[in-house]
$ cat coords.txt   # compact mmCIF, C-alpha atoms and all ligand atoms
# COMPACT_ATOMS: atom_id res chain seq x y z
CA MET A 995 16.67 -14.89 -5.05
CA ILE A 996 12.93 -14.90 -4.58
CA LEU A 997 10.76 -17.09 -6.77
CA VAL A 998 7.55 -15.32 -7.75
CA THR A 999 5.07 -17.80 -9.19
CA GLY A 1000 2.33 -16.08 -11.18
CA GLY A 1001 4.50 -12.98 -11.46
CA ALA A 1002 3.06 -12.22 -14.91
CA GLY A 1003 -0.41 -11.89 -13.40
CA TYR A 1004 -2.10 -8.94 -11.78
CA ILE A 1005 -1.03 -8.99 -8.12
CA GLY A 1006 2.13 -11.00 -8.83
CA SER A 1007 3.46 -8.46 -11.35
CA HIS A 1008 2.89 -5.50 -9.02
CA THR A 1009 4.62 -7.33 -6.19
CA ASN A 1010 7.46 -8.39 -8.49
CA LYS A 1011 8.00 -4.75 -9.39
CA ALA A 1012 7.91 -3.68 -5.72
CA LEU A 1013 10.39 -6.44 -4.75
CA ASN A 1014 12.86 -5.35 -7.42
CA LYS A 1015 12.49 -1.68 -6.45
CA ALA A 1016 13.23 -2.73 -2.86
CA GLY A 1017 16.47 -4.40 -4.01
CA TYR A 1018 15.43 -8.06 -4.13
CA GLU A 1019 16.35 -10.26 -7.07
CA THR A 1020 13.46 -12.26 -8.47
CA ILE A 1021 12.65 -15.04 -10.89
CA VAL A 1022 9.14 -15.06 -12.24
CA LEU A 1023 7.66 -18.48 -12.97
CA ASP A 1024 4.47 -18.26 -15.01
CA ASN A 1025 2.88 -20.46 -17.68
CA LEU A 1026 1.10 -17.41 -19.16
CA SER A 1027 -2.27 -19.17 -18.97
CA LYS A 1028 -3.62 -15.98 -17.42
CA GLY A 1029 -0.56 -13.77 -17.14
CA HIS A 1030 1.08 -11.40 -19.62
CA GLU A 1031 4.72 -11.76 -20.59
CA ASP A 1032 5.04 -7.99 -21.01
CA PHE A 1033 4.13 -7.56 -17.31
CA VAL A 1034 7.45 -9.20 -16.41
CA LYS A 1035 9.64 -6.12 -16.70
CA TRP A 1036 11.73 -6.90 -13.62
CA GLY A 1037 13.79 -9.96 -12.73
CA GLU A 1038 14.16 -13.10 -14.81
CA PHE A 1039 11.33 -14.89 -16.53
CA VAL A 1040 10.79 -18.65 -16.80
CA ASN A 1041 7.79 -19.80 -18.83
CA SER A 1042 6.71 -22.99 -17.11
CA ASP A 1043 4.09 -24.54 -14.88
CA PHE A 1044 4.51 -24.42 -11.11
CA GLY A 1045 2.95 -27.88 -10.84
CA ASN A 1046 5.53 -29.56 -13.07
CA TYR A 1047 7.82 -31.50 -10.72
CA ASP A 1048 10.70 -32.01 -13.17
CA GLU A 1049 10.69 -28.40 -14.35
CA LEU A 1050 10.60 -27.19 -10.76
CA LYS A 1051 13.57 -29.36 -9.86
CA LYS A 1052 15.50 -27.91 -12.77
CA LEU A 1053 14.60 -24.40 -11.68
CA PHE A 1054 15.54 -24.95 -8.04
CA SER A 1055 18.86 -26.52 -9.14
CA SER A 1056 19.67 -23.59 -11.44
CA TYR A 1057 18.94 -20.70 -9.05
CA ASP A 1058 19.73 -19.99 -5.46
CA ILE A 1059 16.13 -19.62 -4.27
CA GLU A 1060 15.62 -18.41 -0.70
CA GLY A 1061 11.88 -17.99 -0.67
CA VAL A 1062 8.74 -18.39 -2.72
CA LEU A 1063 5.90 -15.93 -3.19
CA HIS A 1064 3.10 -18.01 -4.61
CA PHE A 1065 0.59 -16.02 -6.69
CA ALA A 1066 -0.01 -18.57 -9.46
CA ALA A 1067 -3.56 -19.84 -9.18
CA PHE A 1068 -6.97 -19.70 -10.78
CA SER A 1069 -8.96 -17.01 -9.01
CA SER A 1070 -12.46 -16.72 -10.41
CA VAL A 1071 -15.23 -17.78 -8.04
CA ALA A 1072 -17.70 -18.30 -10.90
CA GLU A 1073 -15.24 -20.43 -12.89
CA SER A 1074 -14.51 -22.50 -9.79
CA VAL A 1075 -18.21 -23.31 -9.40
CA ASP A 1076 -18.26 -24.60 -13.01
CA HIS A 1077 -14.89 -26.40 -12.84
CA PRO A 1078 -14.22 -27.47 -9.25
CA ALA A 1079 -11.78 -30.25 -10.18
CA MET A 1080 -9.66 -27.82 -12.18
CA TYR A 1081 -9.39 -25.54 -9.15
CA LEU A 1082 -8.54 -28.41 -6.85
CA LYS A 1083 -5.80 -29.58 -9.22
CA ASN A 1084 -4.20 -26.25 -10.06
CA ASN A 1085 -4.60 -24.38 -6.80
CA TYR A 1086 -4.17 -27.21 -4.33
CA LYS A 1087 -2.49 -30.30 -5.81
CA ASN A 1088 0.03 -28.34 -7.86
CA THR A 1089 0.94 -26.33 -4.76
CA LEU A 1090 1.70 -29.60 -2.96
CA THR A 1091 4.21 -30.34 -5.73
CA LEU A 1092 5.80 -26.92 -5.25
CA LEU A 1093 6.02 -27.51 -1.48
CA LYS A 1094 7.60 -30.92 -2.05
CA VAL A 1095 10.33 -29.44 -4.24
CA MET A 1096 10.90 -26.62 -1.74
CA ARG A 1097 11.51 -29.21 0.96
CA GLU A 1098 13.86 -31.19 -1.28
CA PHE A 1099 15.91 -28.04 -1.81
CA ASN A 1100 15.63 -26.81 1.81
CA VAL A 1101 13.77 -23.65 0.84
CA SER A 1102 11.81 -22.71 3.92
CA ASN A 1103 10.07 -19.34 3.33
CA PHE A 1104 6.70 -19.23 1.64
CA ILE A 1105 4.05 -16.57 1.12
CA LEU A 1106 0.61 -17.58 -0.07
CA SER A 1107 -1.89 -15.45 -1.96
CA SER A 1108 -4.95 -16.47 -0.01
CA THR A 1109 -8.39 -14.95 -0.02
CA ALA A 1110 -11.30 -13.72 2.05
CA ALA A 1111 -13.24 -16.47 0.26
CA VAL A 1112 -11.89 -18.90 2.90
CA TYR A 1113 -14.35 -17.38 5.41
CA GLY A 1114 -17.56 -17.99 3.45
CA ASN A 1115 -20.64 -16.11 4.61
CA PRO A 1116 -19.52 -13.72 7.35
CA GLU A 1117 -20.85 -14.50 10.81
CA PHE A 1118 -19.59 -11.12 11.96
CA THR A 1119 -18.01 -8.10 10.31
CA PRO A 1120 -15.33 -6.72 10.06
CA ILE A 1121 -13.83 -10.18 9.66
CA THR A 1122 -10.88 -11.14 11.85
CA GLU A 1123 -8.48 -13.99 11.07
CA ASN A 1124 -10.11 -16.22 13.68
CA HIS A 1125 -13.51 -16.01 11.98
CA PRO A 1126 -14.80 -19.55 11.18
CA LEU A 1127 -13.48 -20.96 7.91
CA LYS A 1128 -16.45 -22.16 5.88
CA PRO A 1129 -15.78 -21.39 2.20
CA ILE A 1130 -18.88 -21.54 0.03
CA ASN A 1131 -17.21 -22.06 -3.34
CA PRO A 1132 -14.44 -24.31 -4.74
CA TYR A 1133 -12.07 -21.35 -5.12
CA GLY A 1134 -12.20 -20.59 -1.38
CA GLN A 1135 -12.03 -24.31 -0.60
CA SER A 1136 -8.92 -24.78 -2.74
CA LYS A 1137 -7.12 -21.94 -0.91
CA LEU A 1138 -8.17 -23.25 2.50
CA LEU A 1139 -6.72 -26.65 1.59
CA VAL A 1140 -3.43 -24.94 0.74
CA GLU A 1141 -3.43 -23.10 4.08
CA LYS A 1142 -3.90 -26.44 5.85
CA ALA A 1143 -1.06 -27.97 3.83
CA LEU A 1144 1.17 -25.06 4.85
CA GLU A 1145 0.36 -25.65 8.50
CA ARG A 1146 1.33 -29.32 8.07
CA GLU A 1147 4.61 -28.32 6.41
CA LYS A 1148 5.34 -25.91 9.25
CA ASN A 1149 4.65 -28.63 11.82
CA LYS A 1150 7.19 -30.89 10.09
CA GLY A 1151 9.79 -28.21 10.90
CA ASP A 1152 12.25 -26.06 8.92
CA PHE A 1153 9.47 -24.27 7.12
CA ASN A 1154 7.55 -21.05 7.70
CA TYR A 1155 4.81 -19.34 5.83
CA VAL A 1156 2.67 -16.25 5.77
CA SER A 1157 -0.78 -16.56 4.29
CA LEU A 1158 -2.27 -13.27 3.10
CA ARG A 1159 -6.03 -13.29 2.81
CA TYR A 1160 -6.83 -10.62 0.25
CA PHE A 1161 -10.13 -8.85 0.15
CA ASN A 1162 -10.89 -7.07 -3.17
CA ALA A 1163 -7.65 -6.22 -4.97
CA ALA A 1164 -8.02 -3.30 -7.38
CA GLY A 1165 -6.19 -0.33 -8.91
CA ALA A 1166 -2.98 -0.20 -10.95
CA ASP A 1167 0.66 0.75 -10.85
CA PHE A 1168 0.88 4.58 -10.69
CA ASP A 1169 3.59 4.57 -13.40
CA LEU A 1170 1.15 2.63 -15.62
CA GLU A 1171 3.79 0.04 -16.51
CA ILE A 1172 1.40 -2.75 -15.45
CA GLY A 1173 -2.23 -3.01 -14.38
CA GLU A 1174 -5.30 -5.21 -14.30
CA SER A 1175 -6.05 -7.10 -17.53
CA HIS A 1176 -8.05 -10.27 -17.12
CA ASN A 1177 -9.52 -12.18 -20.03
CA PRO A 1178 -12.41 -12.54 -19.65
CA GLU A 1179 -12.75 -9.68 -17.17
CA THR A 1180 -15.08 -10.42 -14.25
CA HIS A 1181 -14.06 -7.81 -11.68
CA LEU A 1182 -16.26 -4.89 -10.85
CA ILE A 1183 -13.99 -1.87 -11.33
CA PRO A 1184 -12.51 -2.76 -14.76
CA LEU A 1185 -16.00 -3.71 -15.97
CA ILE A 1186 -17.40 -0.35 -14.82
CA LEU A 1187 -14.54 1.37 -16.64
CA ASP A 1188 -15.33 -0.65 -19.78
CA ALA A 1189 -18.85 0.76 -19.56
CA ALA A 1190 -17.39 4.24 -19.07
CA ILE A 1191 -15.42 4.08 -22.34
CA GLY A 1192 -18.30 2.46 -24.22
CA LYS A 1193 -16.59 -0.92 -24.61
CA ARG A 1194 -19.66 -2.43 -22.90
CA GLU A 1195 -23.16 -1.06 -23.04
CA ASN A 1196 -23.60 -0.97 -19.29
CA ILE A 1197 -22.50 -2.42 -16.00
CA SER A 1198 -24.70 -5.14 -14.50
CA ILE A 1199 -25.37 -4.83 -10.79
CA PHE A 1200 -25.55 -8.36 -9.44
CA GLY A 1201 -28.38 -8.08 -6.91
CA ILE A 1202 -30.15 -5.02 -5.54
CA ASP A 1203 -32.05 -6.81 -2.77
CA TYR A 1204 -29.22 -7.57 -0.34
CA ASP A 1205 -29.62 -6.63 3.28
CA THR A 1206 -27.44 -3.51 2.93
CA GLU A 1207 -28.23 0.20 2.91
CA ASP A 1208 -28.69 0.48 -0.87
CA GLY A 1209 -29.39 -3.22 -1.49
CA THR A 1210 -26.11 -3.92 -3.30
CA CYS A 1211 -23.13 -5.94 -2.05
CA ILE A 1212 -20.51 -4.28 0.09
CA ARG A 1213 -16.83 -5.06 -0.47
CA ASP A 1214 -13.50 -3.90 0.90
CA TYR A 1215 -11.30 -2.68 -1.99
CA ILE A 1216 -7.53 -2.60 -1.51
CA HIS A 1217 -4.95 -1.06 -3.83
CA VAL A 1218 -2.68 -3.61 -5.47
CA ASN A 1219 0.39 -1.60 -4.37
CA ASP A 1220 -0.73 -1.89 -0.75
CA LEU A 1221 -0.90 -5.64 -1.30
CA ALA A 1222 2.59 -5.59 -2.81
CA ASP A 1223 3.94 -3.68 0.19
CA ALA A 1224 2.36 -6.22 2.57
CA HIS A 1225 4.17 -9.02 0.73
CA ILE A 1226 7.53 -7.32 1.22
CA LYS A 1227 6.83 -6.77 4.92
CA SER A 1228 5.70 -10.40 5.22
CA TYR A 1229 8.86 -11.61 3.53
CA GLU A 1230 11.03 -9.59 5.91
CA TYR A 1231 9.03 -11.04 8.80
CA LEU A 1232 9.72 -14.57 7.55
CA ILE A 1233 13.43 -13.92 7.20
CA ASN A 1234 13.79 -12.21 10.59
CA ASN A 1235 11.47 -14.36 12.74
CA ASN A 1236 11.23 -18.07 12.90
CA GLU A 1237 7.45 -18.12 12.75
CA SER A 1238 4.42 -18.39 10.52
CA ASN A 1239 1.30 -16.26 10.42
CA ILE A 1240 -1.97 -15.51 8.67
CA PHE A 1241 -3.15 -11.98 7.94
CA ASN A 1242 -6.15 -10.28 6.40
CA LEU A 1243 -5.41 -7.63 3.82
CA GLY A 1244 -8.06 -5.03 3.23
CA ASN A 1245 -8.74 -1.35 3.82
CA GLY A 1246 -11.19 -2.01 6.64
CA GLN A 1247 -13.86 0.02 4.84
CA GLY A 1248 -16.84 -1.18 2.87
CA PHE A 1249 -18.26 0.26 -0.34
CA SER A 1250 -21.41 -0.93 -2.07
CA VAL A 1251 -21.50 -1.71 -5.79
CA LYS A 1252 -23.54 1.48 -6.24
CA ASN A 1253 -20.98 3.50 -4.23
CA VAL A 1254 -18.21 2.23 -6.52
CA ILE A 1255 -20.17 3.06 -9.68
CA ASP A 1256 -20.90 6.58 -8.36
CA GLN A 1257 -17.25 7.16 -7.55
CA CYS A 1258 -16.27 5.91 -11.02
CA ARG A 1259 -18.72 8.42 -12.52
CA ASP A 1260 -17.12 11.22 -10.48
CA ILE A 1261 -13.61 10.29 -11.56
CA THR A 1262 -14.24 9.46 -15.22
CA LYS A 1263 -16.87 12.17 -15.76
CA MET A 1264 -18.70 9.57 -17.86
CA GLU A 1265 -22.31 8.57 -17.62
CA ILE A 1266 -21.90 4.79 -17.03
CA PRO A 1267 -25.28 3.15 -17.68
CA VAL A 1268 -26.29 0.40 -15.22
CA LYS A 1269 -28.51 -2.65 -15.54
CA ASN A 1270 -30.00 -4.52 -12.60
CA ALA A 1271 -29.17 -8.21 -12.81
CA PRO A 1272 -29.83 -11.24 -10.59
CA ARG A 1273 -27.54 -12.06 -7.69
CA ARG A 1274 -24.33 -13.89 -8.57
CA GLU A 1275 -23.96 -17.31 -6.96
CA GLY A 1276 -21.61 -17.39 -3.98
CA ASP A 1277 -21.64 -13.64 -3.21
CA PRO A 1278 -22.01 -12.75 0.49
CA ALA A 1279 -23.74 -9.41 1.17
CA VAL A 1280 -20.86 -7.80 3.08
CA LEU A 1281 -17.12 -8.53 3.18
CA ILE A 1282 -14.97 -6.14 5.20
CA ALA A 1283 -11.53 -6.90 6.63
CA ASP A 1284 -10.29 -6.25 10.10
CA PHE A 1285 -6.59 -5.59 9.37
CA ASN A 1286 -5.46 -4.94 12.94
CA LYS A 1287 -3.40 -8.09 13.11
CA ILE A 1288 -1.07 -7.23 10.23
CA ASN A 1289 -1.00 -3.62 11.41
CA LYS A 1290 0.20 -4.63 14.90
CA THR A 1291 2.52 -7.43 13.78
CA LEU A 1292 4.15 -5.94 10.69
CA GLY A 1293 3.31 -2.25 10.96
CA TRP A 1294 1.48 -2.46 7.64
CA GLU A 1295 -1.39 -0.14 6.87
CA PRO A 1296 -3.12 0.75 3.63
CA LYS A 1297 -1.83 3.93 1.98
CA TYR A 1298 -4.46 4.24 -0.74
CA ASP A 1299 -8.21 4.77 -0.65
CA LEU A 1300 -10.98 4.01 -3.13
CA ASN A 1301 -10.35 7.28 -4.94
CA ASP A 1302 -6.67 6.34 -5.55
CA ILE A 1303 -7.77 2.87 -6.58
CA ILE A 1304 -10.26 4.07 -9.18
CA GLU A 1305 -8.04 6.89 -10.45
CA SER A 1306 -5.10 4.55 -11.08
CA ALA A 1307 -7.38 1.89 -12.60
CA TRP A 1308 -8.90 4.57 -14.88
CA ASN A 1309 -5.50 5.83 -16.04
CA TRP A 1310 -4.44 2.26 -16.82
CA HIS A 1311 -7.73 1.53 -18.54
CA LYS A 1312 -7.39 4.56 -20.81
CA LYS A 1313 -3.83 3.59 -21.64
CA ILE A 1314 -4.54 -0.01 -22.65
CA ASN A 1315 -7.60 0.94 -24.63
CA SER A 1316 -5.87 3.66 -26.61
CA ASP A 1317 -2.84 1.60 -27.70
N1 LIG A 1401 -20.27 -7.16 -9.35
C1 LIG A 1401 -21.35 -6.61 -10.05
N2 LIG A 1401 -21.29 -6.57 -11.40
C2 LIG A 1401 -20.23 -7.06 -12.12
C3 LIG A 1401 -19.13 -7.61 -11.40
C4 LIG A 1401 -19.19 -7.65 -10.02
O1 LIG A 1401 -22.33 -6.16 -9.45
O2 LIG A 1401 -20.28 -7.03 -13.36
C5 LIG A 1401 -20.30 -7.18 -7.88
C6 LIG A 1401 -20.15 -8.57 -7.29
O3 LIG A 1401 -21.41 -9.19 -7.14
C7 LIG A 1401 -19.51 -8.24 -5.94
C8 LIG A 1401 -18.67 -7.00 -6.22
O4 LIG A 1401 -19.19 -6.44 -7.43
O5 LIG A 1401 -20.47 -7.90 -4.99
C9 LIG A 1401 -17.19 -7.30 -6.43
O6 LIG A 1401 -17.07 -8.34 -7.36
P1 LIG A 1401 -15.70 -8.77 -8.01
O7 LIG A 1401 -16.00 -9.83 -9.04
O8 LIG A 1401 -14.98 -7.55 -8.49
O9 LIG A 1401 -14.84 -9.34 -6.81
P2 LIG A 1401 -15.13 -10.55 -5.79
O10 LIG A 1401 -15.93 -9.93 -4.67
O11 LIG A 1401 -15.86 -11.61 -6.51
O12 LIG A 1401 -13.77 -10.95 -5.36
$ encode --input "coords.txt" --output "structure tokens"
Amino acid sequence: MILVTGGAGYIGSHTNKALNKAGYETIVLDNLSKGHEDFVKWGEFVNSDFGNYDELKKLFSSYDIEGVLHFAAFSSVAESVDHPAMYLKNNYKNTLTLLKVMREFNVSNFILSSTAAVYGNPEFTPITENHPLKPINPYGQSKLLVEKALEREKNKGDFNYVSLRYFNAAGADFDLEIGESHNPETHLIPLILDAAIGKRENISIFGIDYDTEDGTCIRDYIHVNDLADAHIKSYEYLINNNESNIFNLGNGQGFSVKNVIDQCRDITKMEIPVKNAPRREGDPAVLIADFNKINKTLGWEPKYDLNDIIESAWNWHKKINSD
């Protein structure tokens, strides 16, 4: 069985669904601090904390776990700036506990939800995996510490990992069984869609004086199902090869905040009022992935573009706001 920590969360639940559809058996471990129990529609569910040593030991004794996909983490840059110790504890120290229990039970396959935030301000773009690692916020720092811990584990032997550095995950399950629902919501696309349905008055654009064509930040948006597919390919890679690796996951294309708002207007046919706001701390001007490495190594490529991302997010948004 595969243990999916954080499988009640956004990316974890989509990957959990994809794993089950691909024939894998899963156990979702989630303390529901951010996740949603009704997102766990596949596999078994255990409501517990991945940093709890005794609970983990019980779990690993009860199930035949072959690998761990580790999504559970705090993932808001802004929150990490306000609460760095909380990020260090949950994202890094608790993961060390998980790794310790994995070693005690000889479980040697691990996939990390990492982030483009490990790179910090890009020195070149698109960003390749060998770009310098200089995170500029505690969220990125906490994930980089985990990557270093994984490398140490690998060097001890009998352990392999794949670290997937996500760019901007977005979109929803096309069957609308699950989707993106953060509380509070901080991500651009769901906030724009809130403005589209009148749940918010407008969407704030965080900075219009960046050194980009229209002055707003450029990001690389990737559909959550493309992320899920990359996890399955990474898991197969771990099982079939005795090696570890680190991959970027993005679409390789950049869209400005204004581009995204315009495309949301096209798709929703709504007006979507905007408000210019100051820059948000810790936001680099441009983040675009070079995904050649995962393409060459695992044959992965993105199937969905920004239009698919926004359309699926919009369908999900309408569904959860009409229930
Ligand atoms: N952004 C914005 N207004 C918002 C939320 C986000 O202008 O209300 C911008 C943000 O500054 C960044 C981009 O949208 O340039 C994507 O932000 P998001 O929080 O979705 O993802 P992140 O890049 O932080 O992972």
$ residues_around --input "coords.txt" --residues "segment 1189-1201 of chain A" --least-positions-apart "5" --cutoff "10 Å" --atoms "all atoms listed in the file" --output "number ranges by chain"
A: 1182-1184, 1209-1211, 1251-1252, 1255, 1258-1259, 1262-1275, 1277, 1279, 1308, 1311-1312, 1315
$ closest_residue --input "coords.txt" --among "A:Asp1043, A:Glu1038, A:Asp1167, A:Glu1179" --to "ligand LIG 1401 (chain A)" --atoms "all atoms listed in the file"
A:Glu1179
$ residues_around --input "coords.txt" --residues "Gly1244 of chain A" --least-positions-apart "5" --cutoff "9 Å" --atoms "all atoms listed in the file" --output "list in words"
Arg1159, Tyr1160, Phe1161, Asn1162, Ala1163, Asp1214, Tyr1215, Ile1216, His1217, Asp1220, Leu1221, Ile1282, Ala1283, Asp1284, Phe1285 and Pro1296 of chain A
$ write_last_selection --input "coords.txt" --atoms "C-alpha atoms" --output "PDB file, in the coordinates of the input"
ATOM      1  CA  ARG A1159      -6.030 -13.290   2.810  1.00  0.00           C
ATOM      2  CA  TYR A1160      -6.830 -10.620   0.250  1.00  0.00           C
ATOM      3  CA  PHE A1161     -10.130  -8.850   0.150  1.00  0.00           C
ATOM      4  CA  ASN A1162     -10.890  -7.070  -3.170  1.00  0.00           C
ATOM      5  CA  ALA A1163      -7.650  -6.220  -4.970  1.00  0.00           C
ATOM      6  CA  ASP A1214     -13.500  -3.900   0.900  1.00  0.00           C
ATOM      7  CA  TYR A1215     -11.300  -2.680  -1.990  1.00  0.00           C
ATOM      8  CA  ILE A1216      -7.530  -2.600  -1.510  1.00  0.00           C
ATOM      9  CA  HIS A1217      -4.950  -1.060  -3.830  1.00  0.00           C
ATOM     10  CA  ASP A1220      -0.730  -1.890  -0.750  1.00  0.00           C
ATOM     11  CA  LEU A1221      -0.900  -5.640  -1.300  1.00  0.00           C
ATOM     12  CA  ILE A1282     -14.970  -6.140   5.200  1.00  0.00           C
ATOM     13  CA  ALA A1283     -11.530  -6.900   6.630  1.00  0.00           C
ATOM     14  CA  ASP A1284     -10.290  -6.250  10.100  1.00  0.00           C
ATOM     15  CA  PHE A1285      -6.590  -5.590   9.370  1.00  0.00           C
ATOM     16  CA  PRO A1296      -3.120   0.750   3.630  1.00  0.00           C
TER      17      PRO A1296
END
$ closest_residue --input "coords.txt" --among "A:Leu1292, A:Ile1304, A:Ala1072, A:Ile1240" --to "Val1218 of chain A" --atoms "all atoms listed in the file"
A:Ile1304
$ residues_around --input "coords.txt" --residues "segment 1054-1070 of chain A" --least-positions-apart "5" --cutoff "7 Å" --atoms "only C-alpha atoms" --output "PyMOL selection string"
chain A and resi 995-1001+1006+1081+1084-1085+1099+1101-1107+1133
$ closest_residue --input "coords.txt" --among "A:Lys1290, A:Lys1087, A:Lys1150, A:Lys1297" --to "Asp1223 of chain A" --atoms "all atoms listed in the file"
A:Lys1297
$ residues_around --input "coords.txt" --residues "Asn1235 of chain A" --least-positions-apart "4" --cutoff "12 Å" --atoms "all atoms listed in the file" --output "ChimeraX atom specification"
/A:1103,1153-1156,1227-1231,1239,1291-1292
$ write_last_selection --input "coords.txt" --atoms "C-alpha atoms" --output "compact mmCIF listing (two decimals), in the coordinates of the input"
# COMPACT_ATOMS: atom_id res chain seq x y z
CA ASN A 1103 10.07 -19.34 3.33
CA PHE A 1153 9.47 -24.27 7.12
CA ASN A 1154 7.55 -21.05 7.70
CA TYR A 1155 4.81 -19.34 5.83
CA VAL A 1156 2.67 -16.25 5.77
CA LYS A 1227 6.83 -6.77 4.92
CA SER A 1228 5.70 -10.40 5.22
CA TYR A 1229 8.86 -11.61 3.53
CA GLU A 1230 11.03 -9.59 5.91
CA TYR A 1231 9.03 -11.04 8.80
CA ASN A 1239 1.30 -16.26 10.42
CA THR A 1291 2.52 -7.43 13.78
CA LEU A 1292 4.15 -5.94 10.69
$ residues_around --input "coords.txt" --residues "Thr1119 of chain A" --least-positions-apart "3" --cutoff "12 Å" --atoms "all atoms listed in the file" --output "PyMOL selection string"
chain A and resi 1113+1115-1116+1122-1126+1212-1214+1246-1248+1278-1285
$ closest_residue --input "coords.txt" --among "A:Asp1188, A:Asp1260, A:Glu1305, A:Asp1169" --to "ligand LIG 1401 (chain A)" --atoms "all atoms listed in the file"
A:Asp1188
$ residues_near_point --input "coords.txt" --point "(-9.6, -22.9, -0.2)" --cutoff "9 Å" --atoms "only C-alpha atoms" --output "ChimeraX atom specification"
/A:1082,1085-1086,1108-1109,1111-1112,1129,1131-1141
$ closest_residue --input "coords.txt" --among "A:Ala1016, A:Leu1023, A:Val1095, A:Val1254" --to "ligand LIG 1401 (chain A)" --atoms "all atoms listed in the file"
A:Val1254
$ axis_aligned_box --input "coords.txt" --around "segment 1108-1125 of chain A" --padding-each-side "8 Å" --output "AutoDock Vina command-line options"
--center_x -12.9 --center_y -12.8 --center_z 6.8 --size_x 31.9 --size_y 28.2 --size_z 29.7
